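Novice: Just passing along the structure, written as structure tokens.
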Amino acid sequence: MSKPASLRSLEHHDAFVSRHIGPNDAEVAHMLRVVGHESLDAMTDAIVPGSIRSGTALDLPPPMSEVDALAKIRGIAKRNTVFRSFIGQGYYGTHVPNVILRNILENPAWYTAYTPYQAEISQGRMEALINFQTMLVDLTGMEIASASLLDEATAAAEAMTLAKRSAKSKSNVFFVSKNVHPQTLEVLRTRADGLGIELQVGDDADAATVDSYGVLMQYPDTFGRIHDYRAVAGAVHARGGVVAVAADLLALTLIAAPGEWGADIVVGNTQRFGVPFGFGGPHAGYMACRDAFKRQMPGRLIGVSVDAEGNPAYRLTLQTREQHIRREKATSNICTAQVLLAVMAGMYAVYHGPEGLARIARRVHRFTAILADALRKAGASVGGDFFDTLHVTGVDAAAVHARAREARINLRHFDDGAIGISLDETTTREDVAALAALFGGSIDDIDALDATTPDALPAGLPRGTPFLTHPVFNTHHSEHELLRYMRALADKDLAMDRTMIPLGSCTMKLNATAEMIPITWPEFSQIHPLAPADQTEGYVELIDGLEAMLAEITGYDAVSFQPNSGAQGEFAGLLAIRAWHRSRGEGHRDVCLIPESAHGTNPASAQMAGMTVVVTRCDANGNVDVEDIRLKAEKYGDRLAAIMITYPSTHGVFEEDVVEICEIVHAHGGQVYTDGANMNALVGVAKPGTWGSDVSHLNLHKTFCIPHGGGGPGVGPCAVKSHLAPFLPSAVPATGDEAGDAPRVGMVSAATYGSASILPISWMYITLMGAEGLRRATQVALLNANYIARRLEPHYPTLYTGRNGLVAHECILDLRPLKDATGIGAEDVAKRLIDFGFHAPTLSFPVSGTLMVEPTESESLHELDRFIDAMIQIREEIRAVEDGRLDREDNPLKHAPHTAAQASASEWSHAYPRELAVFPLPSLRQQKYWPPVARVDNVHGDKNVFCSCIPIGSAEDEPEAFSEPDVV
Ligand SMILES: *Cc1c(COP(=O)(O)O)cnc(C)c1O
């Protein structure tokens with residue numbers, strides 16, 4: 001008998017590492033031969049400069065199996081305690097419809113999709129988002145809404161700046177009612193400080209009289225009261241100011257829409273539309289406003305255009321507002337937003353429809369009115385004019401809270417002894433009775449009370465306009481119908497469950513199922529962000545553990561998880577730098593050097609942090625120009641605040657001079673901000689915190705496996721060296737009165753830990769991979785990129801390479817010479833890839849006319865070869881154009897992508913065969929993706945901005961509601 005295999009070698013195959021990393025050992029060996037290196041280590045040494053390479057392995061535990069890692073995180077989750085929450089303050093209980101939970105939140109067809117820049121393969125999620133926009137327009141009574149902001153507090157901050165850009169008034173004061181949620185006030189303070197806006201906080205009544213360019217109120221306010229703001233709105237308008245209001249969507253089904261009483265901008269949170277608490281997020285914030293403001297709006301906007309056949313098609317509209325083009329003059333730095341959550345909230349409205357929503361709202365209100373009555377009878381003092389929230393005074397608060405604890409109930413605590421109670425969709429009769437009992441009241445016969453208790457909504461503010469009248473909100477109310485509607489939308493889109501998404505800079509890697517599983521456990525999803533600390537010990541253990549792991553990986557000392565996107569992390573990091581300078585008496589330092597190759601969010605964030613952006617050059621090899629940096633660092637001298645560099649650079653190379661750059665900037669008193677979006681090329685190989693960088697944001701939705709969700713959620717933790725740690729964002733204040741002049745940095749988003757409920761994903765990834773798995777992932781990411789660059793070299797030259805002719809984890813394919821020769825450009829190749837079933841690489845970033853390919857470590861050799869075959873076939877087609885075998889205009893590239901309708905039409909008028917159009921490779925006959933629309937017309941969409949559901953009946957021709965052309 002032969003010797004049995006060792007236990008250790010058998011166990012190795014349980015490891016997650018080999019599931020996460022695409023190529024197996026034999027394939028890695030083959031690819032190394034193509035790239036010309038002996039081993040992964042030899043290749044790594046040839047790519048990564050010795051001056052930054054880590055000498056030692058990461059100090060993290062060894063890889064774990066899925067079973068063991070899930071058991072471990074289950075133990076952590078159990079340390080959280082789920083109480084019934086009536087805390088409110090912007091977060092309310094909700095039932096996630098199970099059909100949405102499973103088929104959207106837990107469905108990779110939705111959660112692994114990318115931001116819909118490639119319109120033709122994103123029609124499904126854009127329809128879902130246009131439903132979301134339409135829902136907002138209807139409920140708020142405004143004219144246009146965007147496809148999600150990050151949360152209510154940052155949405156309020158965006159309203160503050162949108163108002164500034166739009167108001168006629170020249171005042172520099174933004175007036176905020178002291179009755180907005182405390183976290184909103186905190187974030188406004190942080191943002192106003194960066195921008196030099198003067199914030200004045202006061203009573204609602206003062207909004208009418210204080211000279212300001214804009215005002216923000218809350219409707220209903222944080223105490224639950226509903227005010228009539230008509231007079232205030234009139235007064236603000238009379239002085240050329242803008243009226244913004246944070247509004248609760250469920251309440252708006254019963255009370256007058258802000259658009260009915262003069263609001264110009266409405267913001268808020270859509271959390272209570274079927275998205276769980278999640279200890280603070282992620283949830284989709286929202287903004288709706290007047291049509292006149294649309295070119296000034298922040299964030300992404302889905303619009304309707306037409307395709308090459310004249311059929312309606314969705315696309316991202318007015319992108320010229322965004323940072324990718326406008327950079328420091330952009331309307332905001334929002335890049336990754338909250339798309340998956342916006343899709344869920346929009347579907348919740350589709351699921352319930354207008355009557356369903358109003359019914360939920362009415363039930364919540366009835367319960368609240370009955371509870372108020374019972375509390376008054378028990379001797380408590382409760383105001384009137386409320387929807388779902390009671391502000392209770394005249395009670396022994398300590399005793400009530402103590403009884404609440406006994407009953408496993410959380411109430412809102414006010415410093416002055418008042419108690420807040422917010423009811424919601426999940427409130428039951430038993431809850432109402434239990435709540436009354438906490439105050440010594442009793443509800444014996446709730447139906448009898450119901451019959452005698454009047455509503456407590458303000459009489460003068462009834463909802464006067466219909467909402468959700470479009471058929472989409474009135475058809476899919478049976479589960480089968482909704483299931484099929486969601487499936488039909490998902491089938492229109494390409495996500496990672498069907499193909500690699502080789503987007504440079506975006507790191508679209510595997511989002512493993514085991515990583516996703518914990519996020520829907522009640523111990524993570526059902527925790528209110530303001531739950532008492534002794535109920536959130538599991539979260540704290542998870543977050544502390546993740547902080548320690550990320551600190552070890554990056555070489556930094558402290559991490560804030562508050563920023564809910566990479567761009568928000570940039571903002572937080574720059575605020576930390578600024579506060580540090582101030583703390584040293586150097587508050588005058590305001591210049592931020594940014595290389596011209598930087599991602600657009602960098603200059604946009606620097607501007608928000610009150611810095612002046614100075615652009616530095618890149619040389620012919622794509623490297624940042626060290627001499628230019630030296631020159632500008634000297635020139636600005638004691639004005640130098642920081643440099644923002646991306647490493648490895650957005651040009652896909654490890655620059656040799658990064659240590660020297662850090663030294664130059666430090667010598668002139670500046671700080672080094674390293675954009676960590678490219679961390680997937682560094683983990684386990686090199687640490688920014690040890691080569692001289694002071695601060696980075698990480699994109700957990702890139703390197704650390706949080707799925708992209710079709711454009712969000714994301715988490716952009718801000719990691720800093722110890723000297724900056726005191727200047728990380730603060731925690732949520734209990735009451736909102738504590739902002740002072742201390743050199744602290746306020747909150748950058750609404751919840752202390754931002755989008756806490758998706759942190760388990762990154763925790764699971766790191767735990768599953770362990771030190772060696774993480775390092776191997778980085779090395780295979782480098783190998784995969786170099787394999788593609790090498791194999792495509794004869795067909796498409798790689799624009800920039802670093803040491804030894806190698807790239808980092810991505811490569812830029814230069815198509816500009818082909819464009820000059822044939823008229824075929826990078827965009828045509830991107831669209832042609834759709835006919836092959838691929839999502840295009842990053843188009844025209846960071847260099848116009850190029851494609852940037854980032855395969856990541858989780859793509860197998862098979863998938864890489866499939867992509868390479870497609871790219872080579874496309875190159876053959878371009879060659880055919882060069883040789884005159886294909887027409888310069890009428891060729892499959894210029895007309896890509898091709899729809900099933902075009903291919904099967906009785907008439908085919910093109911100069912190339914149908915077969916070439918739709919089956920350019922034989923393998924496509926086995927598996928074929930059919931785009932639902934032909935190439936989408938970008939210009940038409942920007943000239944005819946229309947951002948709501950397409951009216952039924954106009955599907956044949958242009959939507960009738962198109963407004964007249966605007967000048968772009
Ligand atoms: C993705 C990215 C960002 C922005 O991150 P978001 O999470 O989308 O805000 C910034 N810089 C670079 C280089 C990026 O690739």
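FYI, nothing fancy with the structure tokens labels: chains A, B, ... in order, residues from 1 per chain, ligands from 1 as they appear.
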How close does stretch 770-869 of chain A get to stretch 590-609 of chain A? List, as a Markdown table, each residue of stretch 770-869 of chain A within 10 Å, its nearest atom pair and the distance in Å to one decimal, counting only C-alpha atoms.

Specialist:
```
| residue | atom | partner | partner_atom | distance |
| --- | --- | --- | --- | --- |
| A:Phe845 | CA | A:His599 | CA | 8.3 |
| A:Pro846 | CA | A:Ser597 | CA | 6.0 |
| A:Val847 | CA | A:Ser597 | CA | 7.9 |
```

Novice: Just the selected residues (N, CA, C and O atoms), exported as a CSV table (one decimal), in the first residue's frame, please.

Specialist:
```csv
chain,number,residue,atom,x,y,z
A,845,PHE,N,-9.8,56.9,-19.3
A,845,PHE,CA,-9.2,57.4,-18.0
A,845,PHE,C,-8.0,56.5,-17.7
A,845,PHE,O,-8.2,55.2,-17.9
A,846,PRO,N,-6.9,57.0,-17.3
A,846,PRO,CA,-6.6,58.4,-17.1
A,846,PRO,C,-6.1,59.1,-18.4
A,846,PRO,O,-5.8,60.3,-18.4
A,847,VAL,N,-6.1,58.4,-19.5
A,847,VAL,CA,-5.6,59.0,-20.8
A,847,VAL,C,-6.7,58.9,-21.8
A,847,VAL,O,-7.2,57.8,-22.1
```

Novice: Kindly work out which residues sit at most 7 Å from ligand 1, using only C-alpha atoms and all ligand atoms, and give the list as a list in words.

Specialist: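 Checked against 7 Å with only C-alpha atoms and all ligand atoms; the hits are Ile334, Cys335, Thr336, Ser505, Cys506, Ser565, Gly566, Ala567, Gln568, Ala598, His599, Thr601, Asn602, Thr646, Thr650, Asp675, Ala677, Asn678, Asn699, Gly714, Val715 and Gly716 of chain A.
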
Novice: Take the residues from that selection and write them out as a short mmCIF file (atom, residue, chain, number, x, y, z; two decimals), in the first residue's frame, keeping N, CA and C atoms.

Specialist:
```cif
data_model
loop_
_atom_site.label_atom_id
_atom_site.label_comp_id
_atom_site.auth_asym_id
_atom_site.auth_seq_id
_atom_site.Cartn_x
_atom_site.Cartn_y
_atom_site.Cartn_z
N ILE A 334 -18.77 63.29 -5.32
CA ILE A 334 -19.42 61.98 -5.23
C ILE A 334 -19.11 61.15 -6.46
N CYS A 335 -18.57 59.98 -6.22
CA CYS A 335 -18.29 59.04 -7.30
C CYS A 335 -19.10 57.79 -6.97
N THR A 336 -18.57 56.88 -6.16
CA THR A 336 -19.36 55.77 -5.67
C THR A 336 -20.49 56.33 -4.79
N SER A 505 -8.55 50.62 -12.39
CA SER A 505 -8.74 51.48 -11.23
C SER A 505 -9.94 51.08 -10.38
N CYS A 506 -10.82 50.23 -10.90
CA CYS A 506 -12.04 49.90 -10.15
C CYS A 506 -11.96 48.57 -9.42
N SER A 565 -17.44 56.34 1.08
CA SER A 565 -16.94 56.12 -0.29
C SER A 565 -15.47 56.54 -0.28
N GLY A 566 -14.78 56.17 -1.33
CA GLY A 566 -13.38 56.57 -1.43
C GLY A 566 -13.23 58.09 -1.40
N ALA A 567 -14.10 58.76 -2.15
CA ALA A 567 -14.00 60.22 -2.22
C ALA A 567 -14.25 60.86 -0.84
N GLN A 568 -15.15 60.27 -0.06
CA GLN A 568 -15.38 60.79 1.29
C GLN A 568 -14.16 60.54 2.17
N ALA A 598 -4.21 62.37 -11.84
CA ALA A 598 -5.02 61.94 -10.69
C ALA A 598 -6.48 61.72 -11.07
N HIS A 599 -7.12 60.85 -10.32
CA HIS A 599 -8.56 60.64 -10.41
C HIS A 599 -9.27 61.95 -10.08
N THR A 601 -11.77 62.71 -8.37
CA THR A 601 -12.21 62.97 -7.00
C THR A 601 -11.14 63.69 -6.19
N ASN A 602 -9.85 63.49 -6.53
CA ASN A 602 -8.78 64.13 -5.75
C ASN A 602 -8.91 65.65 -5.75
N THR A 646 -1.26 58.96 -6.27
CA THR A 646 -1.87 57.64 -6.33
C THR A 646 -0.75 56.64 -6.56
N THR A 650 -2.03 56.01 -11.41
CA THR A 650 -3.17 55.69 -12.26
C THR A 650 -2.70 55.27 -13.65
N ASP A 675 -3.59 58.21 -2.43
CA ASP A 675 -4.87 57.64 -2.84
C ASP A 675 -4.70 56.12 -2.86
N ALA A 677 -6.68 53.73 -3.83
CA ALA A 677 -7.56 52.94 -4.70
C ALA A 677 -6.81 51.78 -5.36
N ASN A 678 -5.49 51.92 -5.50
CA ASN A 678 -4.72 50.87 -6.17
C ASN A 678 -4.06 49.92 -5.19
N ASN A 699 -10.32 51.78 -0.64
CA ASN A 699 -11.66 51.52 -1.17
C ASN A 699 -11.98 50.07 -0.83
N GLY A 714 -20.19 51.76 -0.98
CA GLY A 714 -18.76 51.60 -0.81
C GLY A 714 -18.39 51.97 0.61
N VAL A 715 -17.15 51.68 0.97
CA VAL A 715 -16.62 52.16 2.24
C VAL A 715 -15.22 52.68 1.95
N GLY A 716 -14.94 53.90 2.39
CA GLY A 716 -13.65 54.52 2.11
C GLY A 716 -12.89 54.88 3.36
#
```

Novice: Find the residues near stretch 820-833 of chain A: any atom within 8 Å, counting only C-alpha atoms, skip ones fewer than 5 places away on the same chain, and give them as an NGL selection string.

Specialist: :A and (815 or 838-841 or 843-844 or 849-851 or 870-871 or 874 or 878 or 881-882 or 888 or 892-894 or 896-897 or 935)

Novice: Please provide the set of residues having any atom within 9 Å of A:Gly88, restricted to only C-alpha atoms, with same-chain residues fewer than 3 positions apart removed, written as an MDAnalysis selection string.

Specialist: chainID A and resid 85 91:93 222 389 411:412 420:424 528

Novice: Kindly provide the residues of stretch 887-962 of chain A that approach stretch 127-135 of chain A to within 10 Å, each paired with its closest atom pair and their distance in Å to one decimal, based on only C-alpha atoms, listed by chain and increasing number, as a tab-separated table.

Specialist:
```
residue	atom	partner	partner_atom	distance
A:Cys947	CA	A:Ile130	CA	6.7
A:Ser948	CA	A:Thr134	CA	5.0
A:Cys949	CA	A:Ile130	CA	5.8
A:Ile950	CA	A:Ile130	CA	8.9
```

Novice: Just to be explicit: take each residue in the selection above, keep N, CA, C and O atoms, and write the result as a PDB file, in the first residue's frame.

Specialist:
```
ATOM      1  N   CYS A 947     -35.549  62.765 -16.755  1.00  0.00           N
ATOM      2  CA  CYS A 947     -35.002  61.874 -15.730  1.00  0.00           C
ATOM      3  C   CYS A 947     -36.056  61.130 -14.923  1.00  0.00           C
ATOM      4  O   CYS A 947     -35.837  60.796 -13.766  1.00  0.00           O
ATOM      5  N   SER A 948     -37.228  60.896 -15.499  1.00  0.00           N
ATOM      6  CA  SER A 948     -38.250  60.124 -14.805  1.00  0.00           C
ATOM      7  C   SER A 948     -38.668  58.943 -15.671  1.00  0.00           C
ATOM      8  O   SER A 948     -38.247  58.834 -16.820  1.00  0.00           O
ATOM      9  N   CYS A 949     -39.512  58.079 -15.104  1.00  0.00           N
ATOM     10  CA  CYS A 949     -40.020  56.936 -15.860  1.00  0.00           C
ATOM     11  C   CYS A 949     -40.602  57.413 -17.191  1.00  0.00           C
ATOM     12  O   CYS A 949     -41.275  58.448 -17.249  1.00  0.00           O
ATOM     13  N   ILE A 950     -40.354  56.625 -18.237  1.00  0.00           N
ATOM     14  CA  ILE A 950     -40.860  56.994 -19.556  1.00  0.00           C
ATOM     15  C   ILE A 950     -42.382  56.822 -19.541  1.00  0.00           C
ATOM     16  O   ILE A 950     -42.879  55.749 -19.206  1.00  0.00           O
TER      17      ILE A 950
END
```

Novice: Quick one: pick out all helix (DSSP H, G or I) residues within stretch 369-411 of chain A from a backbone DSSP run and write them as an mmCIF file with all heavy atoms, in the first residue's frame.

Specialist:
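Saved to result-v8.cif:
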```cif
data_model
loop_
_atom_site.group_PDB
_atom_site.id
_atom_site.type_symbol
_atom_site.label_atom_id
_atom_site.label_comp_id
_atom_site.auth_asym_id
_atom_site.auth_seq_id
_atom_site.Cartn_x
_atom_site.Cartn_y
_atom_site.Cartn_z
ATOM 1 N N ALA A 369 -50.650 58.049 17.310
ATOM 2 C CA ALA A 369 -51.688 58.871 17.937
ATOM 3 C C ALA A 369 -52.275 58.158 19.164
ATOM 4 O O ALA A 369 -52.508 58.780 20.215
ATOM 5 C CB ALA A 369 -52.797 59.165 16.916
ATOM 6 N N ILE A 370 -52.482 56.861 19.030
ATOM 7 C CA ILE A 370 -53.031 56.090 20.150
ATOM 8 C C ILE A 370 -52.050 56.074 21.320
ATOM 9 O O ILE A 370 -52.418 56.273 22.487
ATOM 10 C CB ILE A 370 -53.365 54.647 19.693
ATOM 11 C CG1 ILE A 370 -54.540 54.677 18.709
ATOM 12 C CG2 ILE A 370 -53.650 53.734 20.881
ATOM 13 C CD1 ILE A 370 -54.736 53.391 17.936
ATOM 14 N N LEU A 371 -50.769 55.888 20.987
ATOM 15 C CA LEU A 371 -49.752 55.870 22.040
ATOM 16 C C LEU A 371 -49.701 57.237 22.741
ATOM 17 O O LEU A 371 -49.624 57.313 23.983
ATOM 18 C CB LEU A 371 -48.386 55.510 21.439
ATOM 19 C CG LEU A 371 -47.228 55.482 22.438
ATOM 20 C CD1 LEU A 371 -47.445 54.398 23.500
ATOM 21 C CD2 LEU A 371 -45.892 55.231 21.716
ATOM 22 N N ALA A 372 -49.756 58.311 21.961
ATOM 23 C CA ALA A 372 -49.713 59.658 22.544
ATOM 24 C C ALA A 372 -50.852 59.834 23.541
ATOM 25 O O ALA A 372 -50.675 60.349 24.651
ATOM 26 C CB ALA A 372 -49.801 60.714 21.440
ATOM 27 N N ASP A 373 -52.004 59.363 23.144
ATOM 28 C CA ASP A 373 -53.177 59.472 24.006
ATOM 29 C C ASP A 373 -52.958 58.709 25.319
ATOM 30 O O ASP A 373 -53.216 59.226 26.418
ATOM 31 C CB ASP A 373 -54.382 58.905 23.239
ATOM 32 C CG ASP A 373 -55.677 59.289 23.908
ATOM 33 O OD1 ASP A 373 -55.915 60.512 24.033
ATOM 34 O OD2 ASP A 373 -56.419 58.370 24.325
ATOM 35 N N ALA A 374 -52.449 57.495 25.180
ATOM 36 C CA ALA A 374 -52.210 56.677 26.373
ATOM 37 C C ALA A 374 -51.171 57.329 27.282
ATOM 38 O O ALA A 374 -51.294 57.297 28.509
ATOM 39 C CB ALA A 374 -51.761 55.279 25.956
ATOM 40 N N LEU A 375 -50.154 57.927 26.681
ATOM 41 C CA LEU A 375 -49.101 58.557 27.496
ATOM 42 C C LEU A 375 -49.644 59.783 28.218
ATOM 43 O O LEU A 375 -49.325 60.020 29.385
ATOM 44 C CB LEU A 375 -47.900 58.947 26.630
ATOM 45 C CG LEU A 375 -47.160 57.796 25.958
ATOM 46 C CD1 LEU A 375 -45.875 58.294 25.306
ATOM 47 C CD2 LEU A 375 -46.837 56.682 26.936
ATOM 48 N N ARG A 376 -50.475 60.547 27.524
ATOM 49 C CA ARG A 376 -51.062 61.729 28.179
ATOM 50 C C ARG A 376 -51.914 61.292 29.367
ATOM 51 O O ARG A 376 -51.849 61.880 30.440
ATOM 52 C CB ARG A 376 -51.916 62.516 27.186
ATOM 53 C CG ARG A 376 -51.092 63.321 26.194
ATOM 54 C CD ARG A 376 -51.967 64.303 25.414
ATOM 55 N NE ARG A 376 -51.262 64.746 24.226
ATOM 56 C CZ ARG A 376 -51.515 64.327 22.977
ATOM 57 N NH1 ARG A 376 -52.508 63.461 22.757
ATOM 58 N NH2 ARG A 376 -50.816 64.767 21.968
ATOM 59 N N LYS A 377 -52.678 60.233 29.126
ATOM 60 C CA LYS A 377 -53.528 59.743 30.216
ATOM 61 C C LYS A 377 -52.683 59.290 31.403
ATOM 62 O O LYS A 377 -53.113 59.343 32.559
ATOM 63 C CB LYS A 377 -54.415 58.587 29.740
ATOM 64 C CG LYS A 377 -55.592 59.077 28.912
ATOM 65 C CD LYS A 377 -56.507 57.934 28.509
ATOM 66 C CE LYS A 377 -57.606 58.449 27.608
ATOM 67 N NZ LYS A 377 -57.846 57.529 26.476
ATOM 68 N N ALA A 397 -37.336 60.114 33.422
ATOM 69 C CA ALA A 397 -36.684 59.484 32.266
ATOM 70 C C ALA A 397 -35.852 58.276 32.683
ATOM 71 O O ALA A 397 -35.881 57.231 32.018
ATOM 72 C CB ALA A 397 -35.820 60.506 31.533
ATOM 73 N N ALA A 398 -35.110 58.411 33.768
ATOM 74 C CA ALA A 398 -34.231 57.303 34.171
ATOM 75 C C ALA A 398 -35.059 56.050 34.439
ATOM 76 O O ALA A 398 -34.681 54.939 34.026
ATOM 77 C CB ALA A 398 -33.439 57.690 35.417
ATOM 78 N N ALA A 399 -36.194 56.239 35.094
ATOM 79 C CA ALA A 399 -37.035 55.078 35.411
ATOM 80 C C ALA A 399 -37.605 54.466 34.138
ATOM 81 O O ALA A 399 -37.662 53.240 33.984
ATOM 82 C CB ALA A 399 -38.167 55.498 36.360
ATOM 83 N N VAL A 400 -38.025 55.326 33.207
ATOM 84 C CA VAL A 400 -38.585 54.808 31.949
ATOM 85 C C VAL A 400 -37.522 54.036 31.174
ATOM 86 O O VAL A 400 -37.764 52.913 30.693
ATOM 87 C CB VAL A 400 -39.162 55.950 31.089
ATOM 88 C CG1 VAL A 400 -39.602 55.421 29.729
ATOM 89 C CG2 VAL A 400 -40.336 56.621 31.802
ATOM 90 N N HIS A 401 -36.320 54.613 31.077
ATOM 91 C CA HIS A 401 -35.256 53.922 30.331
ATOM 92 C C HIS A 401 -34.913 52.592 30.996
ATOM 93 O O HIS A 401 -34.625 51.603 30.322
ATOM 94 C CB HIS A 401 -34.015 54.806 30.220
ATOM 95 C CG HIS A 401 -34.148 55.884 29.170
ATOM 96 N ND1 HIS A 401 -34.305 55.605 27.829
ATOM 97 C CD2 HIS A 401 -34.157 57.237 29.270
ATOM 98 C CE1 HIS A 401 -34.403 56.745 27.138
ATOM 99 N NE2 HIS A 401 -34.320 57.757 27.996
ATOM 100 N N ALA A 402 -34.952 52.584 32.340
ATOM 101 C CA ALA A 402 -34.640 51.337 33.054
ATOM 102 C C ALA A 402 -35.692 50.271 32.740
ATOM 103 O O ALA A 402 -35.367 49.111 32.457
ATOM 104 C CB ALA A 402 -34.564 51.596 34.555
ATOM 105 N N ARG A 403 -36.965 50.668 32.777
ATOM 106 C CA ARG A 403 -38.024 49.707 32.448
ATOM 107 C C ARG A 403 -37.900 49.252 30.989
ATOM 108 O O ARG A 403 -38.129 48.091 30.664
ATOM 109 C CB ARG A 403 -39.405 50.330 32.696
ATOM 110 C CG ARG A 403 -39.811 50.354 34.182
ATOM 111 C CD ARG A 403 -41.311 50.634 34.346
ATOM 112 N NE ARG A 403 -41.664 52.011 34.003
ATOM 113 C CZ ARG A 403 -41.631 53.036 34.869
ATOM 114 N NH1 ARG A 403 -41.255 52.838 36.121
ATOM 115 N NH2 ARG A 403 -41.975 54.254 34.486
ATOM 116 N N ALA A 404 -37.495 50.200 30.128
ATOM 117 C CA ALA A 404 -37.352 49.861 28.707
ATOM 118 C C ALA A 404 -36.276 48.786 28.531
ATOM 119 O O ALA A 404 -36.461 47.829 27.777
ATOM 120 C CB ALA A 404 -37.009 51.116 27.903
ATOM 121 N N ARG A 405 -35.189 48.947 29.248
ATOM 122 C CA ARG A 405 -34.113 47.942 29.151
ATOM 123 C C ARG A 405 -34.633 46.556 29.521
ATOM 124 O O ARG A 405 -34.345 45.571 28.846
ATOM 125 C CB ARG A 405 -32.965 48.288 30.093
ATOM 126 C CG ARG A 405 -32.090 49.421 29.659
ATOM 127 C CD ARG A 405 -30.912 49.551 30.620
ATOM 128 N NE ARG A 405 -30.064 48.362 30.553
ATOM 129 C CZ ARG A 405 -29.193 48.136 29.583
ATOM 130 N NH1 ARG A 405 -29.058 49.017 28.607
ATOM 131 N NH2 ARG A 405 -28.459 47.061 29.587
ATOM 132 N N GLU A 406 -35.404 46.538 30.607
ATOM 133 C CA GLU A 406 -35.985 45.267 31.055
ATOM 134 C C GLU A 406 -36.802 44.624 29.937
ATOM 135 O O GLU A 406 -36.774 43.414 29.746
ATOM 136 C CB GLU A 406 -36.938 45.529 32.237
ATOM 137 C CG GLU A 406 -36.244 45.779 33.553
ATOM 138 C CD GLU A 406 -35.495 44.536 34.000
ATOM 139 O OE1 GLU A 406 -36.146 43.495 34.182
ATOM 140 O OE2 GLU A 406 -34.253 44.621 34.122
#
```

Novice: What lies within 7 Å of stretch 480-496 of chain A using only C-alpha atoms, ignoring chain neighbours under 5 positions off, as a VMD selection string?

Specialist: chain A and resid 99 109 to 110 112 to 114 121 to 125 351 501 839 931 to 932

Novice: I'd like the neighbourhood of A:Phe277 as a short mmCIF file (atom, residue, chain, number, x, y, z; two decimals) with N, CA, C and O atoms, in the first residue's frame, where a residue qualifies if any of its atoms comes within 6 Å (using only C-alpha atoms), though same-chain residues fewer than 2 positions away should be ignored.

Specialist:
```cif
data_model
loop_
_atom_site.label_atom_id
_atom_site.label_comp_id
_atom_site.auth_asym_id
_atom_site.auth_seq_id
_atom_site.Cartn_x
_atom_site.Cartn_y
_atom_site.Cartn_z
N PHE A 279 -26.68 49.32 11.68
CA PHE A 279 -25.79 50.10 12.57
C PHE A 279 -25.36 51.41 11.91
O PHE A 279 -24.29 51.92 12.18
N GLY A 280 -26.19 51.90 10.98
CA GLY A 280 -25.89 53.21 10.39
C GLY A 280 -25.82 53.22 8.88
O GLY A 280 -25.87 54.27 8.26
N SER A 525 -27.68 43.40 10.94
CA SER A 525 -28.56 44.28 10.15
C SER A 525 -29.59 45.01 11.01
O SER A 525 -30.06 46.08 10.62
N GLN A 526 -29.93 44.46 12.18
CA GLN A 526 -31.03 45.05 12.95
C GLN A 526 -30.57 45.94 14.10
O GLN A 526 -31.29 46.11 15.08
N ILE A 527 -29.36 46.49 13.99
CA ILE A 527 -28.84 47.34 15.07
C ILE A 527 -28.95 48.82 14.66
O ILE A 527 -28.40 49.22 13.64
N HIS A 528 -29.68 49.58 15.47
CA HIS A 528 -29.80 51.02 15.21
C HIS A 528 -28.45 51.69 15.46
O HIS A 528 -27.73 51.31 16.39
#
```

Novice: So that I can check the surroundings of A:Trp763, please list as a ChimeraX atom specification every protein, DNA and RNA residue that reaches within 9 Å of it, counting only C-alpha atoms and ignoring chain neighbours fewer than 4 positions away.

Specialist: /A:73,515,542-543,545-546,549,704,759,767-768

Novice: For each of A:Leu550, A:Ile226, A:Val343, A:Leu806, take the minimum atom-to-atom distance to A:Leu774, counting only C-alpha atoms, then give the residue where this is smallest.

Specialist: A:Leu550

Novice: Which one of A:Trp930, A:Tyr912, A:Phe174, A:Tyr111 sits closest to A:Asp890 if you count only C-alpha atoms?

Specialist: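 Under the stated criterion, the closest residue is A:Tyr912.
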
Novice: Using DSSP on the backbone coordinates, identify all residues within stretch 556-602 of chain A classified as strand (DSSP E); present the result as a PyMOL selection string.

Specialist: chain A and resi 558-560+591-595

Novice: Find, counting only C-alpha atoms, the residue in A:Ile443, A:Ala207, A:Leu574, A:Val392 that gets nearest to A:Pro729.

Specialist: A:Leu574

Novice: Restricting the calculation to only C-alpha atoms: of A:Phe386, A:Phe473, A:Trp580, A:Tyr539, which residue gets closest to A:Leu457?

Specialist: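 The answer is A:Phe386, which sits nearest to A:Leu457.
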